[in-house]
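Below is target-v6.cif, which holds mmCIF, C-alpha atoms (C1' of nucleotides).
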```
data_entry
#
loop_
_atom_site.group_PDB
_atom_site.id
_atom_site.type_symbol
_atom_site.label_atom_id
_atom_site.label_comp_id
_atom_site.auth_asym_id
_atom_site.auth_seq_id
_atom_site.Cartn_x
_atom_site.Cartn_y
_atom_site.Cartn_z
ATOM 1 C CA MET A 1 -41.619 22.413 24.018
ATOM 2 C CA ALA A 2 -38.172 23.271 22.804
ATOM 3 C CA ILE A 3 -37.178 26.360 20.880
ATOM 4 C CA SER A 4 -36.327 25.430 17.326
ATOM 5 C CA LEU A 5 -33.372 26.650 15.353
ATOM 6 C CA ALA A 6 -35.266 29.260 13.379
ATOM 7 C CA GLU A 7 -37.043 30.385 16.497
ATOM 8 C CA SER A 8 -33.758 30.784 18.328
ATOM 9 C CA GLN A 9 -32.661 33.296 15.738
ATOM 10 C CA VAL A 10 -35.690 35.381 16.555
ATOM 11 C CA MET A 11 -34.808 35.053 20.214
ATOM 12 C CA GLU A 12 -31.298 36.292 19.480
ATOM 13 C CA ALA A 13 -32.746 39.433 17.984
ATOM 14 C CA LEU A 14 -34.880 39.971 21.044
ATOM 15 C CA TRP A 15 -32.060 39.265 23.428
ATOM 16 C CA GLU A 16 -29.924 41.813 21.721
ATOM 17 C CA SER A 17 -32.545 44.489 22.103
ATOM 18 C CA ASN A 18 -36.085 44.560 23.376
ATOM 19 C CA PRO A 19 -38.904 45.160 23.286
ATOM 20 C CA LEU A 20 -39.273 45.118 19.535
ATOM 21 C CA THR A 21 -42.204 45.150 17.142
ATOM 22 C CA ALA A 22 -42.551 42.346 14.621
ATOM 23 C CA GLN A 23 -41.368 44.797 12.019
ATOM 24 C CA GLN A 24 -38.255 45.596 13.996
ATOM 25 C CA VAL A 25 -37.482 41.954 14.565
ATOM 26 C CA PHE A 26 -37.776 41.444 10.847
ATOM 27 C CA GLU A 27 -35.365 44.304 10.211
ATOM 28 C CA CYS A 28 -32.870 43.045 12.777
ATOM 29 C CA LEU A 29 -32.850 39.646 11.152
ATOM 30 C CA ALA A 30 -32.853 40.797 7.556
ATOM 31 C CA PRO A 31 -29.054 40.960 7.264
ATOM 32 C CA THR A 32 -28.698 37.469 8.686
ATOM 33 C CA VAL A 33 -31.533 35.467 7.203
ATOM 34 C CA ASP A 34 -33.711 35.698 4.154
ATOM 35 C CA TRP A 35 -37.170 35.338 5.575
ATOM 36 C CA SER A 36 -40.373 37.036 4.572
ATOM 37 C CA GLN A 37 -42.121 39.141 7.169
ATOM 38 C CA ALA A 38 -44.801 36.472 7.302
ATOM 39 C CA THR A 39 -42.238 33.937 8.433
ATOM 40 C CA VAL A 40 -41.039 36.166 11.221
ATOM 41 C CA LYS A 41 -44.612 36.617 12.367
ATOM 42 C CA THR A 42 -45.158 32.877 12.400
ATOM 43 C CA LEU A 43 -42.055 32.375 14.490
ATOM 44 C CA LEU A 44 -43.083 35.087 16.919
ATOM 45 C CA ASN A 45 -46.442 33.437 17.337
ATOM 46 C CA ARG A 46 -44.926 30.048 17.921
ATOM 47 C CA LEU A 47 -42.599 31.540 20.511
ATOM 48 C CA LEU A 48 -45.599 33.132 22.176
ATOM 49 C CA LYS A 49 -47.355 29.798 22.312
ATOM 50 C CA LYS A 50 -44.236 28.273 23.802
ATOM 51 C CA GLN A 51 -44.176 31.087 26.329
ATOM 52 C CA ALA A 52 -40.660 31.989 25.373
ATOM 53 C CA ILE A 53 -41.597 35.589 24.709
ATOM 54 C CA HIS A 54 -44.183 38.059 25.820
ATOM 55 C CA ALA A 55 -46.226 40.514 23.772
ATOM 56 C CA ALA A 56 -47.399 43.838 25.129
ATOM 57 C CA ARG A 57 -50.025 45.668 23.130
ATOM 58 C CA ASP A 58 -48.951 49.122 21.999
ATOM 59 C CA GLY A 59 -51.668 50.729 19.950
ATOM 60 C CA GLN A 60 -52.451 48.073 17.398
ATOM 61 C CA LYS A 61 -48.975 46.706 17.338
ATOM 62 C CA PHE A 62 -47.313 44.439 19.804
ATOM 63 C CA LEU A 63 -44.025 44.848 21.529
ATOM 64 C CA TYR A 64 -42.233 41.564 22.005
ATOM 65 C CA SER A 65 -39.781 40.759 24.768
ATOM 66 C CA PRO A 66 -38.030 37.563 25.777
ATOM 67 C CA LEU A 67 -39.433 35.650 28.719
ATOM 68 C CA ILE A 68 -36.577 33.243 28.965
ATOM 69 C CA SER A 69 -33.059 34.523 29.355
ATOM 70 C CA ARG A 70 -30.306 33.907 26.915
ATOM 71 C CA ASP A 71 -28.291 32.418 29.684
ATOM 72 C CA ASP A 72 -30.969 29.890 30.525
ATOM 73 C CA TYR A 73 -31.277 29.022 26.889
ATOM 74 C CA LEU A 74 -27.532 28.554 26.553
ATOM 75 C CA SER A 75 -27.513 26.348 29.615
ATOM 76 C CA ASP A 76 -30.267 24.159 28.289
ATOM 77 C CA GLN A 77 -28.675 23.797 24.907
ATOM 78 C CA SER A 78 -25.223 23.253 26.273
ATOM 79 C CA LYS A 79 -26.174 20.697 28.830
ATOM 80 C CA GLY A 80 -28.356 18.886 26.329
ATOM 81 C CA PHE A 81 -25.633 18.825 23.765
ATOM 82 C CA LEU A 82 -22.869 17.804 26.120
ATOM 83 C CA ASP A 83 -24.936 14.993 27.566
ATOM 84 C CA ARG A 84 -26.167 13.783 24.245
ATOM 85 C CA VAL A 85 -22.935 13.837 22.328
ATOM 86 C CA PHE A 86 -20.211 13.537 24.922
ATOM 87 C CA GLY A 87 -22.046 11.779 27.713
ATOM 88 C CA GLY A 88 -21.736 14.880 29.868
ATOM 89 C CA ASP A 89 -17.956 14.835 29.821
ATOM 90 C CA LEU A 90 -16.777 18.426 29.372
ATOM 91 C CA PRO A 91 -13.061 17.679 29.155
ATOM 92 C CA ALA A 92 -13.840 15.109 26.473
ATOM 93 C CA MET A 93 -15.548 17.772 24.453
ATOM 94 C CA VAL A 94 -12.772 20.284 24.867
ATOM 95 C CA SER A 95 -10.276 17.629 23.994
ATOM 96 C CA HIS A 96 -12.220 16.830 20.878
ATOM 97 C CA PHE A 97 -12.184 20.441 19.819
ATOM 98 C CA SER A 98 -8.546 20.828 20.572
ATOM 99 C CA GLN A 99 -7.793 17.982 18.236
ATOM 100 C CA HIS A 100 -10.160 18.853 15.435
ATOM 101 C CA GLU A 101 -10.473 22.587 15.352
ATOM 102 C CA PRO A 102 -7.544 24.933 15.076
ATOM 103 C CA LEU A 103 -7.335 26.927 18.283
ATOM 104 C CA SER A 104 -5.731 30.324 18.188
ATOM 105 C CA ARG A 105 -3.179 31.478 20.704
ATOM 106 C CA LYS A 106 -5.893 33.733 22.014
ATOM 107 C CA ASP A 107 -8.293 30.854 22.480
ATOM 108 C CA ILE A 108 -5.703 28.883 24.366
ATOM 109 C CA ASP A 109 -4.865 31.793 26.616
ATOM 110 C CA ALA A 110 -8.526 32.413 27.300
ATOM 111 C CA LEU A 111 -9.018 28.781 28.200
ATOM 112 C CA GLN A 112 -5.998 28.848 30.474
ATOM 113 C CA GLU A 113 -7.402 31.895 32.156
ATOM 114 C CA ILE A 114 -10.692 30.156 32.812
ATOM 115 C CA ILE A 115 -9.020 27.096 34.253
ATOM 116 C CA THR A 116 -6.749 29.141 36.448
ATOM 117 C CA ARG A 117 -9.698 30.965 37.840
ATOM 118 C CA LEU A 118 -11.428 27.669 38.543
ATOM 119 C CA GLU A 119 -8.406 26.350 40.381
ATOM 120 C CA ASN A 120 -8.207 29.402 42.556
ATOM 121 C CA ASP A 121 -11.878 29.529 43.333
ATOM 122 C CA ASP A 122 -11.652 26.094 44.787
ATOM 123 C CA MET B 1 -29.227 14.850 5.281
ATOM 124 C CA ALA B 2 -28.387 14.956 8.935
ATOM 125 C CA ILE B 3 -28.501 12.064 11.360
ATOM 126 C CA SER B 4 -31.364 12.522 13.782
ATOM 127 C CA LEU B 5 -31.235 12.001 17.501
ATOM 128 C CA ALA B 6 -32.848 8.575 17.477
ATOM 129 C CA GLU B 7 -30.697 7.555 14.548
ATOM 130 C CA SER B 8 -27.568 8.618 16.363
ATOM 131 C CA GLN B 9 -28.364 6.170 19.131
ATOM 132 C CA VAL B 10 -28.375 3.396 16.575
ATOM 133 C CA MET B 11 -25.060 4.688 15.303
ATOM 134 C CA GLU B 12 -23.662 4.563 18.818
ATOM 135 C CA ALA B 13 -24.503 0.890 19.006
ATOM 136 C CA LEU B 14 -22.756 0.261 15.713
ATOM 137 C CA TRP B 15 -19.746 2.322 16.658
ATOM 138 C CA GLU B 16 -19.346 0.355 19.793
ATOM 139 C CA SER B 17 -19.328 -2.920 17.937
ATOM 140 C CA ASN B 18 -19.877 -3.898 14.319
ATOM 141 C CA PRO B 19 -21.039 -5.427 12.144
ATOM 142 C CA LEU B 20 -24.312 -6.213 13.839
ATOM 143 C CA THR B 21 -27.612 -7.677 12.707
ATOM 144 C CA ALA B 22 -30.778 -5.694 13.243
ATOM 145 C CA GLN B 23 -31.586 -8.047 16.065
ATOM 146 C CA GLN B 24 -28.257 -7.387 17.725
ATOM 147 C CA VAL B 25 -28.645 -3.663 17.374
ATOM 148 C CA PHE B 26 -32.013 -3.991 19.017
ATOM 149 C CA GLU B 27 -30.481 -5.946 21.895
ATOM 150 C CA CYS B 28 -27.661 -3.477 22.347
ATOM 151 C CA LEU B 29 -30.119 -0.632 22.579
ATOM 152 C CA ALA B 30 -32.690 -2.387 24.715
ATOM 153 C CA PRO B 31 -31.172 -1.323 28.035
ATOM 154 C CA THR B 32 -30.978 2.279 26.919
ATOM 155 C CA VAL B 33 -34.166 2.924 24.991
ATOM 156 C CA ASP B 34 -37.594 1.416 24.857
ATOM 157 C CA TRP B 35 -38.123 0.858 21.170
ATOM 158 C CA SER B 36 -39.811 -1.978 19.377
ATOM 159 C CA GLN B 37 -37.759 -3.998 16.946
ATOM 160 C CA ALA B 38 -39.759 -2.429 14.165
ATOM 161 C CA THR B 39 -38.538 0.981 15.206
ATOM 162 C CA VAL B 40 -34.932 -0.121 15.136
ATOM 163 C CA LYS B 41 -35.428 -1.501 11.644
ATOM 164 C CA THR B 42 -36.939 1.757 10.495
ATOM 165 C CA LEU B 43 -33.986 3.658 11.846
ATOM 166 C CA LEU B 44 -31.537 1.286 10.209
ATOM 167 C CA ASN B 45 -33.273 1.765 6.901
ATOM 168 C CA ARG B 46 -33.220 5.520 7.236
ATOM 169 C CA LEU B 47 -29.534 5.402 8.044
ATOM 170 C CA LEU B 48 -28.999 3.263 4.971
ATOM 171 C CA LYS B 49 -30.792 5.795 2.835
ATOM 172 C CA LYS B 50 -28.644 8.509 4.333
ATOM 173 C CA GLN B 51 -25.581 6.420 3.574
ATOM 174 C CA ALA B 52 -24.489 6.564 7.165
ATOM 175 C CA ILE B 53 -24.254 2.796 7.394
ATOM 176 C CA HIS B 54 -23.714 -0.147 5.102
ATOM 177 C CA ALA B 55 -25.517 -3.464 4.970
ATOM 178 C CA ALA B 56 -23.843 -6.688 3.901
ATOM 179 C CA ARG B 57 -26.097 -9.619 3.153
ATOM 180 C CA ASP B 58 -25.419 -12.668 5.286
ATOM 181 C CA GLY B 59 -27.840 -15.413 4.450
ATOM 182 C CA GLN B 60 -31.198 -13.728 4.713
ATOM 183 C CA LYS B 61 -30.060 -11.286 7.340
ATOM 184 C CA PHE B 62 -27.986 -8.205 6.938
ATOM 185 C CA LEU B 63 -24.925 -7.176 8.808
ATOM 186 C CA TYR B 64 -24.804 -3.455 9.423
ATOM 187 C CA SER B 65 -21.664 -1.377 9.826
ATOM 188 C CA PRO B 66 -21.099 2.355 10.139
ATOM 189 C CA LEU B 67 -19.948 4.216 7.075
ATOM 190 C CA ILE B 68 -19.234 7.438 8.870
ATOM 191 C CA SER B 69 -16.903 7.501 11.815
ATOM 192 C CA ARG B 70 -17.873 8.511 15.268
ATOM 193 C CA ASP B 71 -15.157 11.078 15.201
ATOM 194 C CA ASP B 72 -16.509 12.689 12.055
ATOM 195 C CA TYR B 73 -19.951 12.697 13.564
ATOM 196 C CA LEU B 74 -18.696 14.304 16.751
ATOM 197 C CA SER B 75 -16.880 16.933 14.753
ATOM 198 C CA ASP B 76 -19.943 17.780 12.750
ATOM 199 C CA GLN B 77 -22.145 18.003 15.774
ATOM 200 C CA SER B 78 -19.648 19.909 17.831
ATOM 201 C CA LYS B 79 -18.796 22.447 15.228
ATOM 202 C CA GLY B 80 -22.449 22.916 14.385
ATOM 203 C CA PHE B 81 -23.376 23.404 17.969
ATOM 204 C CA LEU B 82 -20.516 25.700 18.836
ATOM 205 C CA ASP B 83 -21.160 27.889 15.818
ATOM 206 C CA ARG B 84 -24.876 27.972 16.313
ATOM 207 C CA VAL B 85 -24.992 28.639 20.009
ATOM 208 C CA PHE B 86 -21.721 30.305 20.860
ATOM 209 C CA GLY B 87 -20.790 31.859 17.552
ATOM 210 C CA GLY B 88 -17.848 29.486 17.277
ATOM 211 C CA ASP B 89 -16.209 30.770 20.436
ATOM 212 C CA LEU B 90 -14.884 27.760 22.324
ATOM 213 C CA PRO B 91 -13.639 29.635 25.379
ATOM 214 C CA ALA B 92 -17.055 31.248 25.646
ATOM 215 C CA MET B 93 -18.632 27.840 25.797
ATOM 216 C CA VAL B 94 -16.200 26.508 28.366
ATOM 217 C CA SER B 95 -16.685 29.631 30.385
ATOM 218 C CA HIS B 96 -20.400 29.135 30.248
ATOM 219 C CA PHE B 97 -20.071 25.612 31.527
ATOM 220 C CA SER B 98 -17.683 26.605 34.232
ATOM 221 C CA GLN B 99 -20.227 29.048 35.542
ATOM 222 C CA HIS B 100 -23.321 26.928 35.231
ATOM 223 C CA GLU B 101 -22.298 23.354 35.725
ATOM 224 C CA PRO B 102 -20.428 22.129 38.729
ATOM 225 C CA LEU B 103 -17.025 20.935 37.602
ATOM 226 C CA SER B 104 -15.270 18.308 39.628
ATOM 227 C CA ARG B 105 -11.646 18.558 40.647
ATOM 228 C CA LYS B 106 -11.023 15.802 38.135
ATOM 229 C CA ASP B 107 -12.677 17.773 35.343
ATOM 230 C CA ILE B 108 -10.606 20.807 36.140
ATOM 231 C CA ASP B 109 -7.407 18.827 36.209
ATOM 232 C CA ALA B 110 -8.272 17.163 32.926
ATOM 233 C CA LEU B 111 -8.944 20.526 31.369
ATOM 234 C CA GLN B 112 -5.673 21.908 32.696
ATOM 235 C CA GLU B 113 -3.897 18.936 31.224
ATOM 236 C CA ILE B 114 -5.408 19.571 27.806
ATOM 237 C CA ILE B 115 -4.473 23.229 27.866
ATOM 238 C CA THR B 116 -0.972 22.528 28.989
ATOM 239 C CA ARG B 117 -0.542 20.117 26.153
ATOM 240 C CA LEU B 118 -1.812 22.745 23.731
ATOM 241 C CA GLU B 119 0.632 25.314 25.026
ATOM 242 C CA ASN B 120 3.539 22.991 24.623
ATOM 243 C CA ASP B 121 2.579 21.797 21.186
ATOM 244 C CA ASP B 122 2.755 25.294 19.931
ATOM 245 C "C1'" DT C 1 -46.311 -30.310 2.734
ATOM 246 C "C1'" DA C 2 -48.646 -27.039 5.716
ATOM 247 C "C1'" DT C 3 -47.499 -24.044 9.427
ATOM 248 C "C1'" DT C 4 -44.880 -21.090 12.289
ATOM 249 C "C1'" DG C 5 -41.453 -17.853 12.847
ATOM 250 C "C1'" DC C 6 -37.699 -14.624 11.446
ATOM 251 C "C1'" DT C 7 -36.179 -10.847 8.706
ATOM 252 C "C1'" DG C 8 -36.304 -7.153 5.655
ATOM 253 C "C1'" DA C 9 -39.588 -3.941 3.036
ATOM 254 C "C1'" DT C 10 -43.572 -1.129 2.735
ATOM 255 C "C1'" DT C 11 -46.885 1.712 4.679
ATOM 256 C "C1'" DA C 12 -48.728 4.619 8.456
ATOM 257 C "C1'" DC C 13 -49.511 8.472 11.188
ATOM 258 C "C1'" DA C 14 -49.149 12.324 14.376
ATOM 259 C "C1'" DC C 15 -46.355 16.124 15.355
ATOM 260 C "C1'" DG C 16 -42.719 19.736 14.860
ATOM 261 C "C1'" DT C 17 -40.429 22.832 11.658
ATOM 262 C "C1'" DG C 18 -39.324 25.879 7.850
ATOM 263 C "C1'" DT C 19 -41.491 28.746 5.003
ATOM 264 C "C1'" DA C 20 -45.096 31.490 3.643
ATOM 265 C "C1'" DA C 21 -49.794 33.104 1.527
ATOM 266 C "C1'" DA C 22 -54.387 34.664 2.562
ATOM 267 C "C1'" DC C 23 -57.707 36.922 5.501
ATOM 268 C "C1'" DG C 24 -59.584 40.539 8.402
ATOM 269 C "C1'" DG C 25 -59.689 44.679 10.856
ATOM 270 C "C1'" DA C 26 -57.930 49.218 12.034
ATOM 271 C "C1'" DA C 27 -55.445 53.464 10.579
ATOM 272 C "C1'" DA C 28 -54.280 56.739 7.462
ATOM 273 C "C1'" DG C 29 -54.213 59.075 3.258
ATOM 274 C "C1'" DT C 30 -57.166 61.140 -0.750
ATOM 275 C "C1'" DA D 1 -66.550 57.887 2.482
ATOM 276 C "C1'" DC D 2 -63.300 54.966 -0.137
ATOM 277 C "C1'" DT D 3 -59.134 52.950 -0.753
ATOM 278 C "C1'" DT D 4 -54.663 51.672 0.438
ATOM 279 C "C1'" DT D 5 -51.572 50.167 3.953
ATOM 280 C "C1'" DC D 6 -50.137 47.905 7.996
ATOM 281 C "C1'" DC D 7 -50.395 44.522 11.390
ATOM 282 C "C1'" DG D 8 -51.883 40.430 13.722
ATOM 283 C "C1'" DT D 9 -54.400 35.884 12.964
ATOM 284 C "C1'" DT D 10 -55.514 31.849 10.480
ATOM 285 C "C1'" DT D 11 -54.530 28.509 7.292
ATOM 286 C "C1'" DA D 12 -51.259 25.913 4.297
ATOM 287 C "C1'" DC D 13 -48.066 22.629 2.888
ATOM 288 C "C1'" DA D 14 -43.993 19.781 2.260
ATOM 289 C "C1'" DC D 15 -40.620 17.410 4.779
ATOM 290 C "C1'" DG D 16 -38.197 15.193 8.722
ATOM 291 C "C1'" DT D 17 -38.771 12.471 12.894
ATOM 292 C "C1'" DG D 18 -40.405 9.332 16.453
ATOM 293 C "C1'" DT D 19 -42.751 5.403 16.680
ATOM 294 C "C1'" DA D 20 -44.649 1.473 14.937
ATOM 295 C "C1'" DA D 21 -47.926 -2.091 12.435
ATOM 296 C "C1'" DT D 22 -48.357 -4.843 8.530
ATOM 297 C "C1'" DC D 23 -46.867 -7.468 4.562
ATOM 298 C "C1'" DA D 24 -44.061 -10.653 1.979
ATOM 299 C "C1'" DG D 25 -40.612 -14.086 1.414
ATOM 300 C "C1'" DC D 26 -37.606 -17.670 3.026
ATOM 301 C "C1'" DA D 27 -36.425 -21.113 6.732
ATOM 302 C "C1'" DA D 28 -37.113 -24.289 10.047
ATOM 303 C "C1'" DT D 29 -40.353 -27.295 12.119
ATOM 304 C "C1'" DA D 30 -44.189 -30.329 12.758
#
```
Re-express the file's structure as structure tokens.
Amino acid sequence: MAISLAESQVMEALWESNPLTAQQVFECLAPTVDWSQATVKTLLNRLLKKQAIHAARDGQKFLYSPLISRDDYLSDQSKGFLDRVFGGDLPAMVSHFSQHEPLSRKDIDALQEIITRLENDD
Amino acid sequence: MAISLAESQVMEALWESNPLTAQQVFECLAPTVDWSQATVKTLLNRLLKKQAIHAARDGQKFLYSPLISRDDYLSDQSKGFLDRVFGGDLPAMVSHFSQHEPLSRKDIDALQEIITRLENDD
DNA sequence: TATTGCTGATTACACGTGTAAACGGAAAGT
DNA sequence: ACTTTCCGTTTACACGTGTAATCAGCAATA
């Protein structure tokens, strides 16, 4: 089953640093979201059930770590999104952004850099 | 409220051609998805409630048309996705794709074209 | 006119999700 | 030993979503 939005925020915390106790996850997320500790626990349990994270007993606490990598997650999400919304057409998506979102000089340069690299790798 | 995945497929049909009757929407979607006519009607009604489409009576049928544009929808989705998954960093997303999805020569050229245009517009 | 067939409207129902309270057991403080 | 505290587990509950069956009214047909 897929990782939900709320769950992905828990994953972000774990990707940034792990292993973490439930308490620590809660603290990491506190600045970002306004969830009770109970909510964080629920999300951790759902992620466990989905086998997205792993829990190692440490005394009577658990230490949670990600089982799936952030990169894999990004790939899944990205591919899913691109296929769903732009029929898998990456240039179409970039074009859309370029027309609808203001791109900074820096963004443009970064994009150019990526393309150049692609051309050379070929 | 947001347009769900199934609903967006109905929107696609209406964006491609409108106005359409429920029957016609069903026919348009038939090759793509395996829904009963009842399901299509449900989705049309939900879209009506969400004010994403409009229904004009025509005899005892209705003719449905989109109220929100495909472009607006794409923008919403794209911005939401980019912010959520890549913290709003477009080059990061493109970079991710370039590393994880095979890009064709044509894709690369198209991307280069877009960037070049951006550079010159500046 | 009685029946059959569309078409929209209402109702259904399981499942995921966001959000959390309540429960139960172990640890620690008094 | 008793109570408070902490942590994981179980249960809760409303709402959206995917997926549809059923109902009700008008139209065409027999």
ask   = Nearest to Thr42 of chain B among B:Ala6, B:Glu27, B:Ala55, B:Pro91, with distances taken over only C-alpha atoms: which residue is it?
value = B:Ala6
Residue list for chain D near chain B as a PDB file with C-alpha atoms (C1' of nucleotides), in the coordinates of the input, 8 Å, only C-alpha atoms (C1' of nucleotides):
```pdb
ATOM      1  C1'  DT D  17     -38.771  12.471  12.894  1.00  0.00           C
ATOM      2  C1'  DG D  18     -40.405   9.332  16.453  1.00  0.00           C
ATOM      3  C1'  DT D  19     -42.751   5.403  16.680  1.00  0.00           C
ATOM      4  C1'  DA D  20     -44.649   1.473  14.937  1.00  0.00           C
ATOM      5  C1'  DC D  26     -37.606 -17.670   3.026  1.00  0.00           C
TER       6       DC D  26
END
```
task = Could you state which residues are captured by the PyMOL selection byres ((chain A) within 12 of (chain B)) in this file, as a ChimeraX atom specification?
result = /A:4-6,8-9,11-12,70-122
task = Would you kindly report the residues of chain B within 10 Å of chain C, using all atoms listed in the file, as a PyMOL selection string?
result = chain B and resi 21-23+41-42+45+60-62
request  = Provide the atom CA of Ser17 of chain A to atom CA of Leu47 of chain A distance in Å, to one decimal place.
outcome  = 16.5 Å
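Distance-wise, atom CA of Leu48 of chain B and atom C1' of DA27 of chain D end up 25.5 Å apart.
Interatomic distance, atom CA of Ser65 of chain B to atom CA of Ala13 of chain B: 9.9 Å.
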Could you pull out every residue with an atom within 6 Å of (-40.3, 43.4, 22.1), file coordinates, counting all atoms listed in the file, and send them as a JSON list (two decimals) with C-alpha atoms, in the coordinates of the input?
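What follows is the written file part_30.json:
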```
[["chain", "number", "residue", "atom", "x", "y", "z"],
["A", 18, "ASN", "CA", -36.08, 44.56, 23.38],
["A", 19, "PRO", "CA", -38.90, 45.16, 23.29],
["A", 20, "LEU", "CA", -39.27, 45.12, 19.54],
["A", 21, "THR", "CA", -42.20, 45.15, 17.14],
["A", 63, "LEU", "CA", -44.02, 44.85, 21.53],
["A", 64, "TYR", "CA", -42.23, 41.56, 22.00],
["A", 65, "SER", "CA", -39.78, 40.76, 24.77]]
```
message = Would you pick out the contacts of Pro66 of chain A at 8 Å or less, using all atoms listed in the file, so that residues sharing its chain but fewer than 2 positions from it are not included, and give the list as a PyMOL selection string?
response = chain A and resi 11+14-15+18+52-54+64+68-69
